[in-house]
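Report on the structure given below.
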Amino acid sequence: MSLLDDVSIVVTPNGYKAGELYAVIPVPTYGAEEVTNGDFDGGTTGWILQTPNWAYGSNNITSSGSGGNQLAFQTSIFEVGKNYNINFEITSYTSGILRLRNNSVLLPTNYNLAGEYTLNLTASEAGFLGFQNYSSFIGTISNVSVKEYTSADMDVTRATAATRVDENGLVNYAEVLGGEEITCGDFSCAVPTDYWTAANAVISFDNNQLTVDDTAGAGSDSRGYQVITTEIGKTYRLTFNRISTTSVFWLGVGNTPSTYNNVIYSNLGTDTGEYTVNFTAISLNTTIAFISGGNGITVFSNISVKEVTRANVPRIDYTGGGCPHILAEPQRTNLITYSEDYTSGWIPYQASVNTNEVISPDGSLNADKIIENTANSTHFVAPIVNNIPSSGTATLSVFAKKGENNWIKLVQYTNYVNFDLNNGVVGNSSAISSSIINYGNGWYKCIMNFNIGGSGANVDFKLGENNTSNWDDIYTGDGTSGVYIYGAQLEVGSYATSYIPTSGSTVTRNQDIFTRDGIGSLINSTEGVLFAEIAALTSLVPLNNWLTITDGTASNQVAIGFETNAKTTVRVDVGGVLQAYITVSGDYSQNRKLAFKWKENDFALWIDGVEVGVDTSGATLSSGTLNSLQFNWGAGGNYTNAKVKQLQVYDTSLSDTQLAALTT
């Protein structure tokens with residue numbers, strides 16, 4: 001019999017979208033339609049419309065924006081704890097804000113644009129679905145659908161951008177690109193002038209290219225442009241190829257054709273090639289303008305604009321190569337305000353900075369070089385840091401690559417670590433701990449964890465001549481030698497986390513939170529197995545980290561945790577009473593396969609093919625109790641901070657032979 005016969009949930013680094021990590025098993029299924037007359041073909045049948053605000057239209061319902069927070073709703077839609085997929089369309093929009101209700105619970109999302117919308121909801125109350133005129137909403141609604149949704153896809157919450165290592169080994173943001181916003185960006189449509197407009201220039205379209213001709217000298221604002229629909233505050237990515245040019249050229253992005261330069265206005269010189277620019281929309285209509293710098297001809301191709309979403313995107317991380325893992329990290333702040341530009345917010349001492357010298361770990365030509373001068377002195381650059389605590393534990397890190405110099409020294413007050421960039425090893429150190437990680441192409445991430453000394457602000461990145469056993473390093477420079485650096489980070493905490501880019505201020509990356517509620521049908525509360533192939537972020541984790549199957553509280557749960565002092569622990573709590581508890585020591589930062597079996601008076605923990613602990617006395621939970629999978633401690637907190645390659649739930653207690661096979 002295959003183990004897959006008994007597995008009810010399988011989550012791996014699989015497909016994802018913003019806010020959701022897809023499970024492999026089970027395949028998502030939809031129940032029957034819960035809404036009556038969702039397309040309003042039957043008039044108002046099934047609907048209750050509160051007046052004077054809501055009224056029936058033509059196959060829709062209309063809100064006039066009057067009557068305060070009035071509702072259009074249907075009763076008996078939801079059951080508590082079940083998942084639902086909700087779809088509706090705002091077929092026209094004039095002004096105001098629409099919000100949804102699950103009985104007394106007002107859902108948080110504001111709807112203030114026409115379009116089709118989809119959301120998943122775990123019902124917290126039984127009863128009705130309501131559309132609320134939240135703030136003078138004027139518009140129409142149609143095509144309403146609600147269906148029960150059975151899936152183990154995990155909700156992902158972080159609300160900030162975050163980086164990871166991608167499948168090509170590059171350090172970049174985890175992000176999702178939306179659909180194409182430009183029409184006829186490859187100029188293959190029948191009539192490109194239906195979408196592209198000339199202003200003070202002649203534009204033409206041949207060989208799937210756009211030519212902007214300003215040889216008549218109409219002025220520096222000569223341009224070809226297209227106006228697209230955008231959402232205020234959202235980020236978009238503009239990409240294009242510049243094929244040829246006879247003049248300096250400018251790129252404009254703005255809120256009207258006449259103010260195209262109020263968001264981005266970049267002199268692109270005369271270079272050809274591929275270009276990428278991110279911009280934030282300040283208007284519902286955004287102009288993408290290709291502007292002549294004067295009396296020239298420029299040719300473009302493959303113009304594209306897509307929405308970029310980075311908040312809440314799960315991170316599929318390939319650090320170390322091979323199969324990826326789901327990366328879940330704690331909240332951290334990079335206290336260095338310019339993490340990549342060492343000419344801004346940094347102080348050089350007996351050294352200089354050459355910018356954009358080599359390809360960085362993100363694949364761009366944006367890594368700087370720190371160069372020693374000819375003085376007999378220390379040679380370093382230091383970030384201006386004003387907000388580091390004066391005591392406690394912190395971690396300093398940077399990506400570094402050898403140049404003529406083989407050594408770099410990370411320093412905070414008298415804490416220091418030498419890093420050998422030629423051999424990829426750590427040298428002498430006075431820090432709590434240190435490490436060096438190979439990122440390929442000669443790049444290493446150099447990490448120093450330390451007890452904050454002095455005022456806390458004394459942070460230096462020093463060039464080293466050799467493996468000196470001192471925080472200082474005095475030698476006579478030659479005026480040309482140096483090392484390459486990128487991605488400096490200073491964070492409060494006992495270990496380094498993923499890179500947090502900054503460009504003028506400190507930046508915070510929030511805790512990654514993974515949850516899936518309303519899946520009681522996929523969990524057997526009385527017996528089963530919770531399996532994880534997992535590694536903690538470090539063996540120095542000071543607090544508990546837990547992965548749980550729960551009813552939404554810590555009183556009823558099956559849990560795997562990494563506890564203080566390098567202990568791996570499993571436990572079962574029933575009604576707030578501990579029923580089973582097994583703990584083993586070991587380095588939990590190494591990738592391991594853990595399986596926790598629970599059954600009345602029969603609990604066992606298996607690690608890497610070996611049964612390492614048993615508990616033969618204890619009750620399990622009543623049928624139907626457990627309904628949620630959480631990367632935290634029951635009701636929240638003590639979040640899973642780990643690298644997760646696999647997560648599986650079995651709805652029966654497996655045999656020893658099966659558990660050995662599962663964890664080997």
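Chain labels run A, B, ... following the order of the structure tokens; each chain numbers its residues from 1, and ligands are numbered from 1 in the order shown.
With only C-alpha atoms taken into account, the protein and nucleic acid residues at most 8 Å from Val614 of chain A (excluding it and anything under 5 positions from it in its own chain) are Ile582, Asp602, Phe603, Ala604 and Leu605 of chain A.
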Write out as a count of residues only the residues lying within 7 Å of Ile485 of chain A, counting only C-alpha atoms and excluding same-chain residues fewer than 3 positions away. 7
Residues of segment 387-478 of chain A that have any atom at most 12 Å from an atom of segment 339-351 of chain A: could you tabulate them with the shortest-distance atom pair and the distance in Å to one decimal, using only C-alpha atoms, ordered by chain and increasing number, as a tab-separated table?
residue	atom	partner	partner_atom	distance
A:Leu396	CA	A:Ser339	CA	11.7
A:Ser397	CA	A:Ser339	CA	10.5
A:Val398	CA	A:Ser339	CA	8.9
A:Phe399	CA	A:Glu340	CA	10.1
A:Ala400	CA	A:Glu340	CA	11.8
A:Asn458	CA	A:Ile347	CA	11.5
A:Val459	CA	A:Trp346	CA	10.5
A:Asp460	CA	A:Ile347	CA	9.4
A:Phe461	CA	A:Pro348	CA	9.7
A:Lys462	CA	A:Tyr349	CA	9.4
A:Leu463	CA	A:Ala351	CA	9.0
A:Ile474	CA	A:Gln350	CA	10.8
A:Tyr475	CA	A:Gln350	CA	10.9
A:Thr476	CA	A:Gln350	CA	10.2
A:Gly477	CA	A:Gln350	CA	8.9
A:Asp478	CA	A:Ala351	CA	10.8
File of the preceding selection, C-alpha atoms, as an mmCIF file, in the first residue's frame:
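result-v1.cif was written with the following content:
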data_model
loop_
_atom_site.group_PDB
_atom_site.id
_atom_site.type_symbol
_atom_site.label_atom_id
_atom_site.label_comp_id
_atom_site.auth_asym_id
_atom_site.auth_seq_id
_atom_site.Cartn_x
_atom_site.Cartn_y
_atom_site.Cartn_z
ATOM 1 C CA LEU A 396 26.043 42.329 10.705
ATOM 2 C CA SER A 397 26.295 40.876 7.205
ATOM 3 C CA VAL A 398 27.408 41.771 3.694
ATOM 4 C CA PHE A 399 27.958 40.082 0.352
ATOM 5 C CA ALA A 400 31.650 40.363 -0.535
ATOM 6 C CA ASN A 458 30.505 51.975 15.486
ATOM 7 C CA VAL A 459 30.063 49.701 12.461
ATOM 8 C CA ASP A 460 32.841 49.305 9.877
ATOM 9 C CA PHE A 461 33.507 47.250 6.754
ATOM 10 C CA LYS A 462 37.302 47.108 6.619
ATOM 11 C CA LEU A 463 39.737 46.026 3.984
ATOM 12 C CA ILE A 474 46.717 48.949 9.924
ATOM 13 C CA TYR A 475 48.747 48.617 6.736
ATOM 14 C CA THR A 476 50.047 50.743 3.848
ATOM 15 C CA GLY A 477 47.691 50.639 0.900
ATOM 16 C CA ASP A 478 48.688 50.800 -2.750
#
Using atom CA of Asn591 of chain A and atom CA of Ser555 of chain A as the two end points, give the distance in Å to one decimal.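 Answer for the atom CA of Asn591 of chain A to atom CA of Ser555 of chain A separation: 29.1 Å.
Note that atom CA of Asp656 of chain A and atom CA of Leu4 of chain A are 15.9 Å apart.
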With only C-alpha atoms as the atoms that count, which of A:Pro192, A:Gly273, A:Gly179, A:Pro330 lies nearest to Ser498 of chain A?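 Of A:Pro192, A:Gly273, A:Gly179, A:Pro330, the one nearest Ser498 of chain A is A:Pro330, counting only C-alpha atoms.
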Neighbours of segment 417-433 of chain A within 10 Å (only C-alpha atoms; same-chain residues fewer than 3 positions away dropped), as a PyMOL selection string? chain A and resi 393-395+400-403+405-412+414+436-438+442-452+462-464+466-471+483+494-495+540
Atoms kept (N, CA and C atoms) for selection, written as a compact mmCIF listing (two decimals), in the first residue's frame:
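The new file result-v6.txt reads:
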# COMPACT_ATOMS: atom_id res chain seq x y z
N THR A 393 21.98 41.85 21.38
CA THR A 393 22.63 41.06 20.35
C THR A 393 22.19 41.54 18.98
N ALA A 394 23.14 41.62 18.06
CA ALA A 394 22.83 42.05 16.69
C ALA A 394 23.67 41.23 15.72
N THR A 395 23.30 41.33 14.44
CA THR A 395 24.00 40.60 13.40
C THR A 395 24.31 41.54 12.25
N ALA A 400 30.32 39.86 -0.19
CA ALA A 400 31.65 40.36 -0.53
C ALA A 400 32.31 39.43 -1.54
N LYS A 401 33.13 40.03 -2.40
CA LYS A 401 33.86 39.29 -3.43
C LYS A 401 35.27 39.84 -3.49
N LYS A 402 36.24 38.96 -3.57
CA LYS A 402 37.62 39.42 -3.56
C LYS A 402 37.93 40.23 -4.82
N GLY A 403 38.77 41.25 -4.64
CA GLY A 403 39.35 41.96 -5.76
C GLY A 403 40.84 41.68 -5.73
N ASN A 405 42.42 42.50 -3.03
CA ASN A 405 42.49 42.07 -1.63
C ASN A 405 41.69 40.79 -1.45
N ASN A 406 42.18 39.93 -0.59
CA ASN A 406 41.49 38.66 -0.31
C ASN A 406 40.69 38.69 0.99
N TRP A 407 40.87 39.73 1.81
CA TRP A 407 40.26 39.74 3.14
C TRP A 407 39.33 40.93 3.31
N ILE A 408 38.25 40.70 4.04
CA ILE A 408 37.40 41.77 4.52
C ILE A 408 37.12 41.52 5.99
N LYS A 409 37.02 42.59 6.75
CA LYS A 409 36.80 42.48 8.20
C LYS A 409 35.52 43.22 8.55
N LEU A 410 34.58 42.53 9.21
CA LEU A 410 33.39 43.16 9.75
C LEU A 410 33.65 43.54 11.19
N VAL A 411 33.32 44.79 11.54
CA VAL A 411 33.67 45.32 12.86
C VAL A 411 32.48 46.07 13.45
N GLN A 412 32.24 45.84 14.73
CA GLN A 412 31.35 46.70 15.52
C GLN A 412 32.05 46.95 16.84
N THR A 414 34.65 46.80 19.30
CA THR A 414 35.80 45.88 19.35
C THR A 414 35.43 44.47 18.90
N ILE A 436 30.37 32.07 6.80
CA ILE A 436 30.54 32.56 5.44
C ILE A 436 29.84 31.58 4.51
N ILE A 437 29.00 32.09 3.63
CA ILE A 437 28.17 31.25 2.77
C ILE A 437 28.49 31.57 1.32
N ASN A 438 28.75 30.54 0.53
CA ASN A 438 29.10 30.69 -0.88
C ASN A 438 27.83 30.93 -1.71
N GLY A 442 32.05 33.84 -7.12
CA GLY A 442 33.02 34.53 -6.27
C GLY A 442 32.44 35.28 -5.09
N TRP A 443 31.10 35.29 -4.97
CA TRP A 443 30.44 36.04 -3.90
C TRP A 443 30.23 35.18 -2.67
N TYR A 444 30.46 35.79 -1.51
CA TYR A 444 30.20 35.14 -0.22
C TYR A 444 29.37 36.08 0.64
N LYS A 445 28.45 35.49 1.40
CA LYS A 445 27.75 36.29 2.41
C LYS A 445 28.51 36.10 3.72
N CYS A 446 29.06 37.21 4.22
CA CYS A 446 29.86 37.21 5.44
C CYS A 446 28.99 37.68 6.60
N ILE A 447 28.95 36.91 7.68
CA ILE A 447 27.99 37.13 8.77
C ILE A 447 28.71 37.17 10.11
N MET A 448 28.41 38.18 10.91
CA MET A 448 28.96 38.30 12.26
C MET A 448 27.83 38.57 13.24
N ASN A 449 27.70 37.70 14.24
CA ASN A 449 26.75 37.93 15.33
C ASN A 449 27.53 38.34 16.57
N PHE A 450 27.04 39.36 17.29
CA PHE A 450 27.86 39.94 18.36
C PHE A 450 27.00 40.55 19.45
N ASN A 451 27.58 40.70 20.62
CA ASN A 451 26.99 41.50 21.69
C ASN A 451 27.37 42.95 21.44
N ILE A 452 26.38 43.82 21.33
CA ILE A 452 26.62 45.21 20.95
C ILE A 452 27.52 45.89 21.97
N LYS A 462 35.89 46.78 6.81
CA LYS A 462 37.30 47.11 6.62
C LYS A 462 37.97 46.20 5.60
N LEU A 463 38.86 46.81 4.83
CA LEU A 463 39.74 46.03 3.98
C LEU A 463 40.82 45.41 4.86
N GLY A 464 41.17 44.17 4.58
CA GLY A 464 42.16 43.49 5.40
C GLY A 464 43.35 43.05 4.57
N ASN A 466 45.58 40.74 5.95
CA ASN A 466 45.74 39.32 6.30
C ASN A 466 44.82 39.02 7.48
N ASN A 467 45.00 37.84 8.09
CA ASN A 467 44.12 37.38 9.17
C ASN A 467 44.59 37.91 10.52
N THR A 468 44.50 39.24 10.70
CA THR A 468 44.95 39.84 11.95
C THR A 468 44.03 39.48 13.10
N SER A 469 44.60 39.38 14.28
CA SER A 469 43.81 39.03 15.47
C SER A 469 43.50 40.28 16.28
N ASN A 470 42.85 41.24 15.63
CA ASN A 470 42.53 42.50 16.27
C ASN A 470 41.38 43.15 15.50
N TRP A 471 40.60 43.98 16.19
CA TRP A 471 39.52 44.68 15.51
C TRP A 471 40.05 45.72 14.55
N VAL A 483 38.10 45.35 -2.48
CA VAL A 483 37.16 44.24 -2.58
C VAL A 483 35.82 44.80 -3.04
N SER A 494 19.91 37.28 16.92
CA SER A 494 21.05 36.39 17.15
C SER A 494 21.51 35.65 15.91
N TYR A 495 20.87 35.89 14.76
CA TYR A 495 21.32 35.25 13.53
C TYR A 495 20.88 36.10 12.34
N LEU A 540 20.87 28.47 16.86
CA LEU A 540 20.93 29.42 17.97
C LEU A 540 19.56 30.04 18.28
Tell me, as a list of chain:residue names, which residues lie within 6 Å of segment 98-109 of chain A, counting only C-alpha atoms; anything in the same chain fewer than 6 positions away does not count. A:Gly127, A:Phe128, A:Leu129, A:Gly130, A:Phe131, A:Gln132, A:Asn133, A:Tyr134, A:Phe137
Export, as a compact mmCIF listing (two decimals), in the first residue's frame, the selected residues with C-alpha atoms.
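Listed below is the output, selection-v5.txt:
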# COMPACT_ATOMS: atom_id res chain seq x y z
CA GLY A 127 -25.59 33.28 8.14
CA PHE A 128 -25.59 35.94 5.52
CA LEU A 129 -23.35 37.46 2.89
CA GLY A 130 -23.89 41.20 2.58
CA PHE A 131 -22.68 43.99 0.29
CA GLN A 132 -22.43 47.16 2.33
CA ASN A 133 -22.53 50.75 1.16
CA TYR A 134 -19.58 51.42 3.43
CA PHE A 137 -20.63 53.72 -2.68
Near Gly31 of chain A, counting only C-alpha atoms, which residues have an atom at most 7 Å away, once you skip same-chain residues fewer than 2 positions from it, shown as a compact mmCIF listing (two decimals) with N, CA and C atoms, in the first residue's frame?
# COMPACT_ATOMS: atom_id res chain seq x y z
N THR A 29 -11.53 21.58 -4.64
CA THR A 29 -12.86 21.24 -5.15
C THR A 29 -13.85 22.30 -4.68
N GLU A 33 -23.56 25.83 -5.57
CA GLU A 33 -23.76 27.26 -5.47
C GLU A 33 -24.63 27.59 -4.27
N LYS A 147 -19.31 29.50 -3.25
CA LYS A 147 -19.24 28.04 -3.22
C LYS A 147 -18.27 27.60 -2.14
N GLU A 148 -18.65 26.53 -1.44
CA GLU A 148 -17.72 25.97 -0.46
C GLU A 148 -16.47 25.49 -1.19
N TYR A 149 -15.33 25.74 -0.55
CA TYR A 149 -14.04 25.50 -1.20
C TYR A 149 -13.21 24.59 -0.30
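Proximity to Thr12 of chain A was assessed for A:Tyr111, A:Tyr486, A:Phe531, A:Phe279 counting only C-alpha atoms; the smallest distance is recorded for A:Phe531.
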Pick out each residue of segment 134-266 of chain A that DSSP on the backbone tags as strand (DSSP E or B); I need them as a PyMOL selection string. chain A and resi 134-150+154-157+163-165+171-173+176-180+197-199+202-206+209-213+223-229+235-245+249-254+264-266
Using DSSP on the backbone coordinates, identify the residues of segment 175-358 of chain A assigned to helix (DSSP H, G or I); present them as a ChimeraX atom specification. /A:192-194,257-259
Now that the selection is made, can you save its residues with N, CA and C atoms as an mmCIF file, in the first residue's frame?
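Full text of part-v3.cif as output:
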data_model
loop_
_atom_site.group_PDB
_atom_site.id
_atom_site.type_symbol
_atom_site.label_atom_id
_atom_site.label_comp_id
_atom_site.auth_asym_id
_atom_site.auth_seq_id
_atom_site.Cartn_x
_atom_site.Cartn_y
_atom_site.Cartn_z
ATOM 1 N N PRO A 192 -1.755 49.940 -35.090
ATOM 2 C CA PRO A 192 -1.104 50.393 -33.852
ATOM 3 C C PRO A 192 -1.515 51.792 -33.422
ATOM 4 N N THR A 193 -1.862 52.640 -34.383
ATOM 5 C CA THR A 193 -2.247 54.010 -34.009
ATOM 6 C C THR A 193 -3.566 54.068 -33.268
ATOM 7 N N ASP A 194 -4.291 52.948 -33.213
ATOM 8 C CA ASP A 194 -5.475 52.902 -32.350
ATOM 9 C C ASP A 194 -5.078 52.973 -30.876
ATOM 10 N N PRO A 257 -1.095 62.789 -20.393
ATOM 11 C CA PRO A 257 -0.149 62.931 -21.500
ATOM 12 C C PRO A 257 0.708 64.184 -21.423
ATOM 13 N N SER A 258 0.220 65.231 -20.788
ATOM 14 C CA SER A 258 0.982 66.481 -20.721
ATOM 15 C C SER A 258 1.888 66.563 -19.506
ATOM 16 N N THR A 259 1.708 65.667 -18.517
ATOM 17 C CA THR A 259 2.594 65.651 -17.343
ATOM 18 C C THR A 259 3.198 64.264 -17.191
#
Can you tell me, as a PyMOL selection string, what residues are no more than 10 Å from Thr272 of chain A when counting only C-alpha atoms, ignoring any on the same chain fewer than 2 positions away? chain A and resi 241-245+268-270+274-275+298-300
Between atom CA of Ile336 of chain A and atom CA of Ala457 of chain A, measure the distance and give it in Å to one decimal.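 Distance between the two atoms: 10.5 Å.
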At a cut-off of 9 Å, can you tabulate as a tab-separated table every residue of segment 40-113 of chain A near segment 141-145 of chain A together with its closest atom pair and the distance in Å to one decimal, using only C-alpha atoms and ordering rows by chain then number?
residue	atom	partner	partner_atom	distance
A:Phe40	CA	A:Ser142	CA	7.0
A:Asn59	CA	A:Ser142	CA	6.8
A:Asn60	CA	A:Ser142	CA	4.7
A:Ile61	CA	A:Ile141	CA	5.4
A:Thr62	CA	A:Ile141	CA	6.5
A:Ser63	CA	A:Ile141	CA	8.4
A:Asn85	CA	A:Ser145	CA	8.0
A:Ile86	CA	A:Ser145	CA	5.8
A:Asn87	CA	A:Ser145	CA	5.1
A:Phe88	CA	A:Val144	CA	4.3
A:Glu89	CA	A:Ser142	CA	5.4
A:Ile90	CA	A:Ile141	CA	4.6
A:Thr91	CA	A:Ile141	CA	5.7
A:Ser92	CA	A:Ile141	CA	7.5
Limited to C-alpha atoms, could you put the picked residues into a file as a short mmCIF file (atom, residue, chain, number, x, y, z; two decimals), in the first residue's frame?
data_model
loop_
_atom_site.label_atom_id
_atom_site.label_comp_id
_atom_site.auth_asym_id
_atom_site.auth_seq_id
_atom_site.Cartn_x
_atom_site.Cartn_y
_atom_site.Cartn_z
CA PHE A 40 -30.16 38.79 -11.02
CA ASN A 59 -29.46 42.12 -14.22
CA ASN A 60 -27.71 43.89 -11.35
CA ILE A 61 -28.28 45.74 -8.12
CA THR A 62 -27.41 49.41 -7.76
CA SER A 63 -26.16 51.44 -4.82
CA ASN A 85 -14.82 31.06 -2.57
CA ILE A 86 -16.65 34.35 -3.22
CA ASN A 87 -16.86 35.93 -6.67
CA PHE A 88 -18.64 39.10 -7.73
CA GLU A 89 -18.36 41.88 -10.25
CA ILE A 90 -18.61 45.64 -9.87
CA THR A 91 -20.01 46.26 -13.34
CA SER A 92 -19.88 50.05 -13.01
#
Rank A:Ser623, A:Gln511, A:Gln658, A:Ser628 by their smallest atom-to-atom distance to Ile549 of chain A, using only C-alpha atoms, and report the top residue only.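 Smallest distance to Ile549 of chain A is found for A:Ser628.
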